[in-house]
>>> print(open('run00.txt').read())   # compact mmCIF, C-alpha atoms
# COMPACT_ATOMS: atom_id res chain seq x y z
CA MET A 104 80.23 99.95 47.87
CA SER A 105 77.01 98.11 48.33
CA HIS A 106 77.90 95.58 50.97
CA SER A 107 74.30 94.85 51.78
CA GLN A 108 74.15 91.34 50.57
CA GLU A 109 70.98 89.48 51.27
CA GLY A 110 71.08 88.06 54.77
CA HIS A 111 73.09 90.98 56.01
CA PRO A 112 72.86 90.24 59.74
CA LYS A 113 71.22 92.90 61.81
CA PHE A 114 73.92 92.73 64.50
CA LEU A 115 76.58 93.72 61.95
CA GLN A 116 77.46 97.39 62.43
CA HIS A 117 77.67 99.36 59.22
CA HIS A 118 81.31 100.32 59.75
CA PHE A 119 82.54 96.72 59.59
CA SER A 120 82.86 94.90 56.34
CA ASP A 121 81.85 91.55 57.76
CA VAL A 122 80.96 89.68 60.94
CA GLU A 123 84.44 88.27 61.29
CA GLN A 124 86.05 91.71 61.21
CA GLN A 125 83.55 92.98 63.79
CA ARG A 126 84.32 90.05 66.07
CA GLU A 127 88.08 90.41 65.79
CA SER A 128 87.88 94.15 66.43
CA ALA A 129 85.80 93.64 69.54
CA LYS A 130 88.28 91.08 70.78
CA LEU A 131 91.22 93.35 70.05
CA GLY A 132 89.57 96.14 72.03
CA MET A 133 88.84 93.77 74.89
CA TRP A 134 92.45 92.60 75.06
CA VAL A 135 93.70 96.17 75.12
CA PHE A 136 91.30 96.80 78.00
CA LEU A 137 92.59 93.70 79.81
CA VAL A 138 96.12 95.07 79.41
CA THR A 139 95.07 98.26 81.22
CA GLU A 140 93.57 96.07 83.93
CA ILE A 141 96.85 94.19 84.33
CA LEU A 142 98.72 97.46 84.65
CA LEU A 143 96.16 98.77 87.15
CA PHE A 144 96.73 95.76 89.36
CA GLY A 145 100.41 95.93 88.46
CA GLY A 146 100.85 99.09 90.49
CA LEU A 147 99.47 97.30 93.52
CA PHE A 148 101.69 94.28 92.89
CA VAL A 149 104.68 96.61 92.91
CA PHE A 150 103.47 98.13 96.18
CA TYR A 151 103.23 94.61 97.58
CA ALA A 152 106.68 93.65 96.29
CA ILE A 153 108.38 96.69 97.81
CA TYR A 154 106.89 96.24 101.27
CA ARG A 155 107.39 92.50 101.30
CA ALA A 156 111.05 93.12 100.43
CA TRP A 157 111.34 95.61 103.29
CA TYR A 158 109.42 93.62 105.90
CA PRO A 159 109.69 89.93 105.02
CA ASP A 160 109.23 88.75 108.61
CA MET A 161 106.28 91.00 109.27
CA PHE A 162 104.61 89.74 106.07
CA HIS A 163 105.13 86.18 107.22
CA ASN A 164 103.73 86.88 110.67
CA ALA A 165 100.78 88.90 109.37
CA HIS A 166 99.79 86.33 106.74
CA LEU A 167 99.10 83.86 109.56
CA ALA A 168 96.07 86.02 110.37
CA LEU A 169 94.49 84.94 107.08
CA ASP A 170 92.44 81.76 106.88
CA VAL A 171 94.06 79.40 104.34
CA ALA A 172 90.95 77.18 104.25
CA MET A 173 88.76 80.11 103.21
CA GLY A 174 91.35 81.30 100.68
CA THR A 175 91.64 77.82 99.18
CA THR A 176 87.87 77.45 99.01
CA ASN A 177 87.63 80.77 97.21
CA THR A 178 90.32 79.72 94.76
CA ILE A 179 88.42 76.54 93.97
CA VAL A 180 85.16 78.48 93.65
CA LEU A 181 86.68 81.00 91.26
CA ILE A 182 88.42 78.38 89.10
CA THR A 183 85.15 76.45 88.86
CA SER A 184 83.35 79.63 87.83
CA SER A 185 85.97 80.12 85.11
CA VAL A 186 85.16 76.63 83.83
CA THR A 187 81.39 77.26 83.89
CA ILE A 188 81.60 80.54 81.97
CA ALA A 189 83.90 78.91 79.41
CA LEU A 190 81.32 76.14 79.02
CA GLY A 191 78.62 78.81 78.69
CA ILE A 192 80.50 80.26 75.73
CA ARG A 193 80.92 76.79 74.26
CA SER A 194 77.17 76.20 74.59
CA ILE A 195 76.30 79.38 72.72
CA GLN A 196 78.78 78.40 70.01
CA LEU A 197 76.70 75.22 69.66
CA ASP A 198 73.43 77.22 69.73
CA ARG A 199 72.37 75.68 73.03
CA GLN A 200 70.94 78.84 74.58
CA LYS A 201 69.33 77.00 77.50
CA ASP A 202 72.65 75.47 78.54
CA THR A 203 74.29 78.88 78.23
CA ILE A 204 71.77 80.36 80.65
CA TRP A 205 72.40 77.55 83.12
CA TYR A 206 76.16 77.89 82.88
CA LEU A 207 75.94 81.65 83.31
CA PHE A 208 73.67 81.16 86.28
CA ALA A 209 76.13 78.70 87.83
CA THR A 210 78.92 81.22 87.27
CA LEU A 211 76.85 83.91 88.97
CA LEU A 212 76.17 81.62 91.91
CA LEU A 213 79.86 80.75 92.29
CA ALA A 214 80.80 84.43 92.09
CA GLY A 215 78.24 85.10 94.81
CA THR A 216 79.76 82.34 96.94
CA PHE A 217 83.17 83.93 96.49
CA MET A 218 81.85 87.29 97.69
CA VAL A 219 80.04 85.76 100.68
CA ILE A 220 83.25 84.03 101.82
CA LYS A 221 85.15 87.29 101.26
CA TYR A 222 82.52 89.09 103.33
CA PHE A 223 83.08 86.76 106.29
CA GLU A 224 86.84 87.15 105.98
CA TYR A 225 86.57 90.94 105.87
CA MET A 226 84.12 91.06 108.79
CA HIS A 227 86.42 88.94 110.90
CA LYS A 228 89.36 91.25 110.21
CA ILE A 229 87.35 94.41 110.75
CA HIS A 230 86.17 92.96 114.05
CA LEU A 231 89.73 92.22 115.16
CA GLY A 232 91.05 95.56 113.97
CA GLN A 233 93.35 94.02 111.37
CA LEU A 234 92.85 97.02 109.16
CA PRO A 235 94.88 99.21 106.80
CA GLY A 236 96.96 102.16 107.93
CA GLU A 237 95.78 104.21 110.84
CA TRP A 238 92.69 102.06 111.41
CA TYR A 239 94.89 99.17 112.44
CA HIS A 240 94.42 98.33 116.09
CA PHE A 241 95.37 94.71 116.54
CA ASP A 242 98.00 93.58 118.97
CA GLY A 243 99.03 90.04 118.07
CA ILE A 244 101.33 90.46 115.09
CA GLU A 245 105.05 90.88 115.60
CA GLY A 246 107.21 92.95 113.30
CA ASN A 247 107.38 96.40 111.85
CA ASN A 248 104.25 98.08 110.51
CA PRO A 249 101.86 95.13 110.22
CA HIS A 250 99.21 97.60 109.09
CA VAL A 251 101.03 97.75 105.74
CA PHE A 252 100.25 94.09 105.13
CA PHE A 253 96.58 94.77 105.67
CA SER A 254 96.72 97.86 103.46
CA ALA A 255 98.00 95.64 100.67
CA TYR A 256 95.51 92.91 101.54
CA PHE A 257 92.45 95.14 101.54
CA LEU A 258 93.51 97.20 98.53
CA MET A 259 94.33 94.23 96.32
CA THR A 260 91.57 91.84 97.34
CA GLY A 261 89.18 94.81 97.53
CA LEU A 262 89.92 95.94 93.97
CA HIS A 263 89.63 92.32 92.92
CA GLY A 264 86.33 92.02 94.78
CA ILE A 265 84.99 95.09 92.97
CA HIS A 266 85.88 93.36 89.73
CA VAL A 267 83.98 90.26 90.84
CA LEU A 268 80.92 92.41 91.62
CA ILE A 269 81.13 94.11 88.21
CA GLY A 270 81.45 90.67 86.63
CA MET A 271 78.33 89.52 88.48
CA GLY A 272 76.46 92.52 87.07
CA LEU A 273 77.64 91.70 83.55
CA ILE A 274 76.71 88.03 83.88
CA THR A 275 73.22 88.93 85.14
CA TRP A 276 72.82 91.21 82.12
CA LEU A 277 73.96 88.38 79.84
CA ILE A 278 71.43 85.98 81.35
CA PHE A 279 68.60 88.38 80.52
CA ARG A 280 69.88 89.04 77.02
CA THR A 281 70.40 85.35 76.30
CA LYS A 282 66.88 84.67 77.58
CA ALA A 283 65.61 87.37 75.24
CA GLY A 284 67.24 85.47 72.39
CA HIS A 285 69.82 88.10 71.49
CA PHE A 286 72.67 85.63 71.11
CA SER A 287 73.36 82.68 68.88
CA SER A 288 76.32 80.83 67.47
CA LYS A 289 76.53 83.60 64.87
CA TYR A 290 76.71 86.41 67.38
CA TYR A 291 77.78 86.11 71.00
CA THR A 292 80.43 88.82 71.31
CA HIS A 293 79.07 90.07 74.66
CA ILE A 294 79.31 86.67 76.25
CA GLU A 295 82.77 86.07 74.83
CA MET A 296 84.08 89.44 76.08
CA THR A 297 82.57 88.97 79.53
CA GLY A 298 84.20 85.55 79.55
CA LEU A 299 87.60 87.08 78.83
CA TYR A 300 87.05 89.60 81.62
CA TRP A 301 85.99 86.88 84.02
CA HIS A 302 89.04 84.77 83.21
CA LEU A 303 91.26 87.77 83.92
CA VAL A 304 89.59 88.21 87.30
CA ASP A 305 90.34 84.54 87.96
CA LEU A 306 93.89 84.99 86.71
CA ILE A 307 94.57 87.84 89.12
CA TRP A 308 93.20 85.83 92.02
CA ILE A 309 95.54 82.97 91.05
CA PHE A 310 98.40 85.33 91.97
CA LEU A 311 96.75 87.02 94.95
CA PHE A 312 96.07 83.70 96.65
CA PRO A 313 99.68 82.50 97.16
CA LEU A 314 100.94 86.05 97.71
CA PHE A 315 98.66 86.63 100.67
CA TYR A 316 97.57 83.27 102.05
CA LEU A 317 100.63 81.12 101.45
CA ILE A 318 103.70 83.15 102.38
CA GLY A 319 106.25 80.44 103.07
CA MET D 113 92.82 85.00 57.13
CA SER D 114 94.03 82.38 59.48
CA GLU D 115 95.33 78.88 59.53
CA HIS D 116 92.36 76.95 60.87
CA THR D 117 89.45 77.24 58.52
CA ASN D 118 88.10 73.79 57.95
CA THR D 119 84.54 75.00 58.37
CA GLY D 120 85.07 78.46 56.98
CA HIS D 121 83.91 79.68 60.33
CA LYS D 122 86.60 80.95 62.61
CA GLU D 123 85.42 80.11 66.09
CA HIS D 124 87.03 77.22 67.80
CA ILE D 125 84.56 75.02 69.53
CA LEU D 126 86.77 73.10 71.87
CA PRO D 127 85.65 69.74 73.22
CA LEU D 128 83.99 69.60 76.61
CA SER D 129 86.70 67.23 77.82
CA LEU D 130 89.35 69.89 77.21
CA TYR D 131 87.60 72.42 79.46
CA LEU D 132 87.05 69.85 82.18
CA GLY D 133 90.63 68.63 81.83
CA ILE D 134 92.12 72.10 82.14
CA GLY D 135 89.75 72.85 85.03
CA SER D 136 90.92 69.72 86.88
CA MET D 137 94.55 70.60 86.24
CA LEU D 138 93.92 74.03 87.75
CA LEU D 139 92.35 72.46 90.83
CA VAL D 140 95.23 70.00 91.17
CA LEU D 141 97.75 72.85 90.90
CA THR D 142 95.80 74.73 93.57
CA ALA D 143 96.14 71.72 95.85
CA VAL D 144 99.84 71.52 95.00
CA THR D 145 100.47 75.18 95.83
CA VAL D 146 98.76 74.79 99.21
CA TRP D 147 100.63 71.55 99.85
CA VAL D 148 104.09 72.93 99.04
CA SER D 149 103.43 75.92 101.28
CA PHE D 150 103.84 73.55 104.23
CA PHE D 151 107.45 72.93 103.23
CA ASP D 152 110.17 75.46 103.74
CA PHE D 153 112.39 76.09 100.74
CA GLY D 154 113.80 79.20 102.34
CA GLU D 155 114.45 81.80 99.67
CA PHE D 156 112.65 79.74 97.08
CA ASN D 157 109.23 79.67 98.75
CA LEU D 158 108.12 82.67 96.73
CA VAL D 159 109.73 81.33 93.54
CA VAL D 160 107.95 77.99 93.84
CA ALA D 161 104.60 79.65 94.56
CA MET D 162 105.01 82.02 91.62
CA ILE D 163 106.02 79.23 89.22
CA ILE D 164 102.85 77.32 90.12
CA ALA D 165 100.72 80.47 89.83
CA ALA D 166 102.29 81.27 86.46
CA SER D 167 101.53 77.75 85.20
CA LYS D 168 97.92 78.12 86.30
CA ALA D 169 97.68 81.54 84.69
CA SER D 170 99.14 80.15 81.46
CA LEU D 171 96.53 77.39 81.36
CA VAL D 172 93.74 79.93 81.87
CA ALA D 173 95.13 82.30 79.23
CA LEU D 174 95.96 79.64 76.62
CA PHE D 175 92.82 77.55 76.84
CA PHE D 176 89.99 79.41 78.60
CA MET D 177 90.92 82.71 77.00
CA HIS D 178 91.63 80.90 73.71
CA LEU D 179 95.01 82.56 73.18
CA LYS D 180 96.34 79.27 71.84
CA TYR D 181 93.75 79.21 69.06
CA ASP D 182 93.04 82.87 68.35
CA ASN D 183 94.83 85.42 66.25
CA LYS D 184 98.34 85.66 67.71
CA LEU D 185 98.00 89.45 67.90
CA TYR D 186 96.02 89.06 71.13
CA ALA D 187 98.74 86.95 72.67
CA ILE D 188 101.35 89.51 71.69
CA ILE D 189 99.33 92.33 73.27
CA PHE D 190 98.84 90.29 76.44
CA VAL D 191 102.48 89.28 76.74
CA SER D 192 103.64 92.84 76.08
CA SER D 193 101.69 93.98 79.14
CA LEU D 194 103.48 91.35 81.20
CA LEU D 195 106.83 92.59 79.88
CA PHE D 196 106.00 96.14 80.92
CA LEU D 197 104.88 94.88 84.31
CA ALA D 198 108.18 93.03 84.66
CA VAL D 199 110.10 96.22 83.84
CA PHE D 200 108.00 98.09 86.39
CA ILE D 201 108.70 95.56 89.14
CA ILE D 202 112.36 94.84 88.36
CA ILE D 203 113.52 98.44 88.09
CA THR D 204 111.60 99.40 91.22
CA MET D 205 113.14 96.51 93.12
CA PHE D 206 116.63 97.48 91.96
CA ASP D 207 116.10 100.86 93.56
CA THR D 208 114.35 99.55 96.64
CA LEU D 209 116.78 96.77 97.48
CA ARG D 210 120.04 98.52 96.59
CA ARG D 211 119.29 101.98 97.88
CA ASP D 212 121.53 101.54 100.91
CA ASP D 213 124.49 100.90 98.62
CA VAL D 214 124.32 104.54 97.64
CA TYR D 215 122.93 106.31 100.66
CA ILE D 216 124.11 106.16 104.21
CA GLU D 217 120.55 105.87 105.48
CA LYS D 218 119.24 102.34 105.58
CA SER D 219 117.03 101.26 102.74
CA GLY D 220 113.46 101.66 103.75
CA PRO D 221 110.33 103.66 103.16
CA ILE D 222 110.93 107.10 101.71
CA GLN D 223 109.03 109.07 104.28
CA LYS D 224 109.77 111.17 107.32
CA GLN D 225 108.19 108.58 109.53
CA SER D 226 110.69 105.88 108.66
CA LEU D 227 113.35 107.14 111.01
CA MET D 228 110.74 107.64 113.67
CA TYR D 229 109.61 104.05 113.30
CA ASP D 230 113.17 102.87 113.77
CA SER D 231 113.80 104.97 116.86
CA LEU D 232 110.46 103.97 118.34
CA LYS D 233 111.28 100.35 117.77
CA THR D 234 114.43 100.62 119.81
CA HIS D 235 112.50 102.25 122.65
CA SER D 236 109.93 99.53 122.95
CA ASP D 237 108.81 96.80 120.64
CA SER D 238 105.30 96.95 121.90
CA THR D 239 104.58 100.48 120.74
CA THR D 240 101.43 100.20 118.71
CA VAL D 241 101.09 101.96 115.43
CA VAL D 242 98.35 104.20 116.73
CA ASP D 243 100.71 105.47 119.38
CA SER D 244 103.53 105.99 116.95
CA LEU D 245 101.26 107.95 114.66
CA GLN D 246 100.45 110.23 117.52
CA VAL D 247 104.08 110.71 118.42
CA LYS D 248 104.93 111.45 114.82
CA GLU D 249 102.61 114.39 114.67
CA ASP D 250 104.35 116.04 117.54
CA THR D 251 107.83 115.54 116.21
CA THR D 252 107.56 116.20 112.50
CA THR D 253 109.90 119.14 112.90
CA VAL D 254 112.66 116.96 114.26
CA ASP D 255 115.90 117.18 112.32
CA LEU D 256 115.82 114.03 110.26
CA ASN D 257 119.49 114.17 109.41
CA LYS D 258 120.28 113.97 113.06
>>> encode(input="run00.txt", output="structure tokens")
Amino acid sequence: MSHSQEGHPKFLQHHFSDVEQQRESAKLGMWVFLVTEILLFGGLFVFYAIYRAWYPDMFHNAHLALDVAMGTTNTIVLITSSVTIALGIRSIQLDRQKDTIWYLFATLLLAGTFMVIKYFEYMHKIHLGQLPGEWYHFDGIEGNNPHVFFSAYFLMTGLHGIHVLIGMGLITWLIFRTKAGHFSSKYYTHIEMTGLYWHLVDLIWIFLFPLFYLIG
Amino acid sequence: MSEHTNTGHKEHILPLSLYLGIGSMLLVLTAVTVWVSFFDFGEFNLVVAMIIAASKASLVALFFMHLKYDNKLYAIIFVSSLLFLAVFIIITMFDTLRRDDVYIEKSGPIQKQSLMYDSLKTHSDSTTVVDSLQVKEDTTTVDLNK
């Protein structure tokens, strides 16, 4: 029974037999969580699919109201942030805590850039009245029920934006904990899990971008 | 426990060049998806865009999320969610797109308003949604079966 070998790491919870098992369990739990995230967004993707099938022309007309340059910039920003957080994890694997902090900070900055661009896009649409449902009061889009496009747009990019904000909170928390010396190549589960989450946020945007900004 | 244990330690420290390479590929694919959106493939616009997005997503999942190197259980869990999502979308679309094969009413939103929208549209194309919402409230008792 006595598992307490010398050098029993203090981050190892008593209910795991070793560090490896603890790590794999955490990862398993994280992936199950990511599955629920996919299904959460999945409902909205189905909503999008149904209405795009019903109103293909309206979707095409309404998507012209979105700014492709801003959407593309945000895609680049988010992909770059995915690279930086992956490099942050690599740095902690190599015990380079300082680099990890810098990479996390870069990720946070890129996430902030994403949200600032999103803010300008949202403000522009709110100003023009390109809004969901009954708040829609814009006159320049031909086709049936253009407000449905903006319902989908604000729901899906909004839920995604909330995920970006949560990710920013997590990354800030990681910066402080890394600074405090809580992580090393032996134990960096929190950074790894946040990385997985952040990649999923990027992954969802990879689909949102062509579905909203680039309707052929 | 697993196949790759040259150090006895199970993490996979991938080379910097791999991350930068995958990152550049993602940026190139982003450029490609914007570029092809200027061409009209008709029906296949969506297909092309989704194929590019799926390739990008695969790169992120395989390399950034380490699915290629980790315990395959994670990949199975991830892919299973995509299968369920596919079932969700495909079965819903069967219903949505083929509904008018079964019912006399045109396929469209399942809601009282749908018929109203159609009749309003024939009256004037310029009716704004706000107006139609107002009209709807007054006529919700209308016999929808005509």
>>> residues_around(input="run00.txt", residues="Ser192 of chain D", least_positions_apart="2", cutoff="12 Å", atoms="all atoms listed in the file", output="count of residues only")
19
>>> closest_atom_pairs(input="run00.txt", of="chain A", to="chain D", cutoff="6 Å", atoms="all atoms listed in the file", output="Markdown table")
| residue | atom | partner | partner_atom | distance |
| --- | --- | --- | --- | --- |
| A:Val138 | CA | D:Ser193 | CA | 5.7 |
| A:Val149 | CA | D:Ile201 | CA | 5.6 |
| A:Leu299 | CA | D:Met177 | CA | 5.8 |
| A:Leu306 | CA | D:Ala169 | CA | 5.5 |
| A:Ile309 | CA | D:Ala165 | CA | 5.9 |
| A:Phe310 | CA | D:Ala165 | CA | 5.8 |
| A:Leu317 | CA | D:Ser149 | CA | 5.9 |
| A:Gly319 | CA | D:Asn157 | CA | 5.3 |
>>> residues_around(input="run00.txt", residues="segment 247-253 of chain A", least_positions_apart="5", cutoff="8 Å", atoms="all atoms listed in the file", output="list in words")
Tyr154, Tyr158, Met161, Phe162, Ala165, His166, Gln233, Leu234, Pro235, Gly236, Glu237 and Tyr239 of chain A; Val241 of chain D
>>> closest_residue(input="run00.txt", among="A:His302, A:Leu169, A:Leu311, A:His227", to="Thr187 of chain A", atoms="only C-alpha atoms")
A:His302
>>> residues_around(input="run00.txt", residues="Thr260 of chain A", least_positions_apart="4", cutoff="9 Å", atoms="all atoms listed in the file", output="ChimeraX atom specification")
/A:221,255-256,264-265,308,311
>>> closest_residue(input="run00.txt", among="A:Phe208, A:Val122, A:Asn177, A:His111", to="Lys289 of chain A", atoms="all atoms listed in the file")
A:Val122
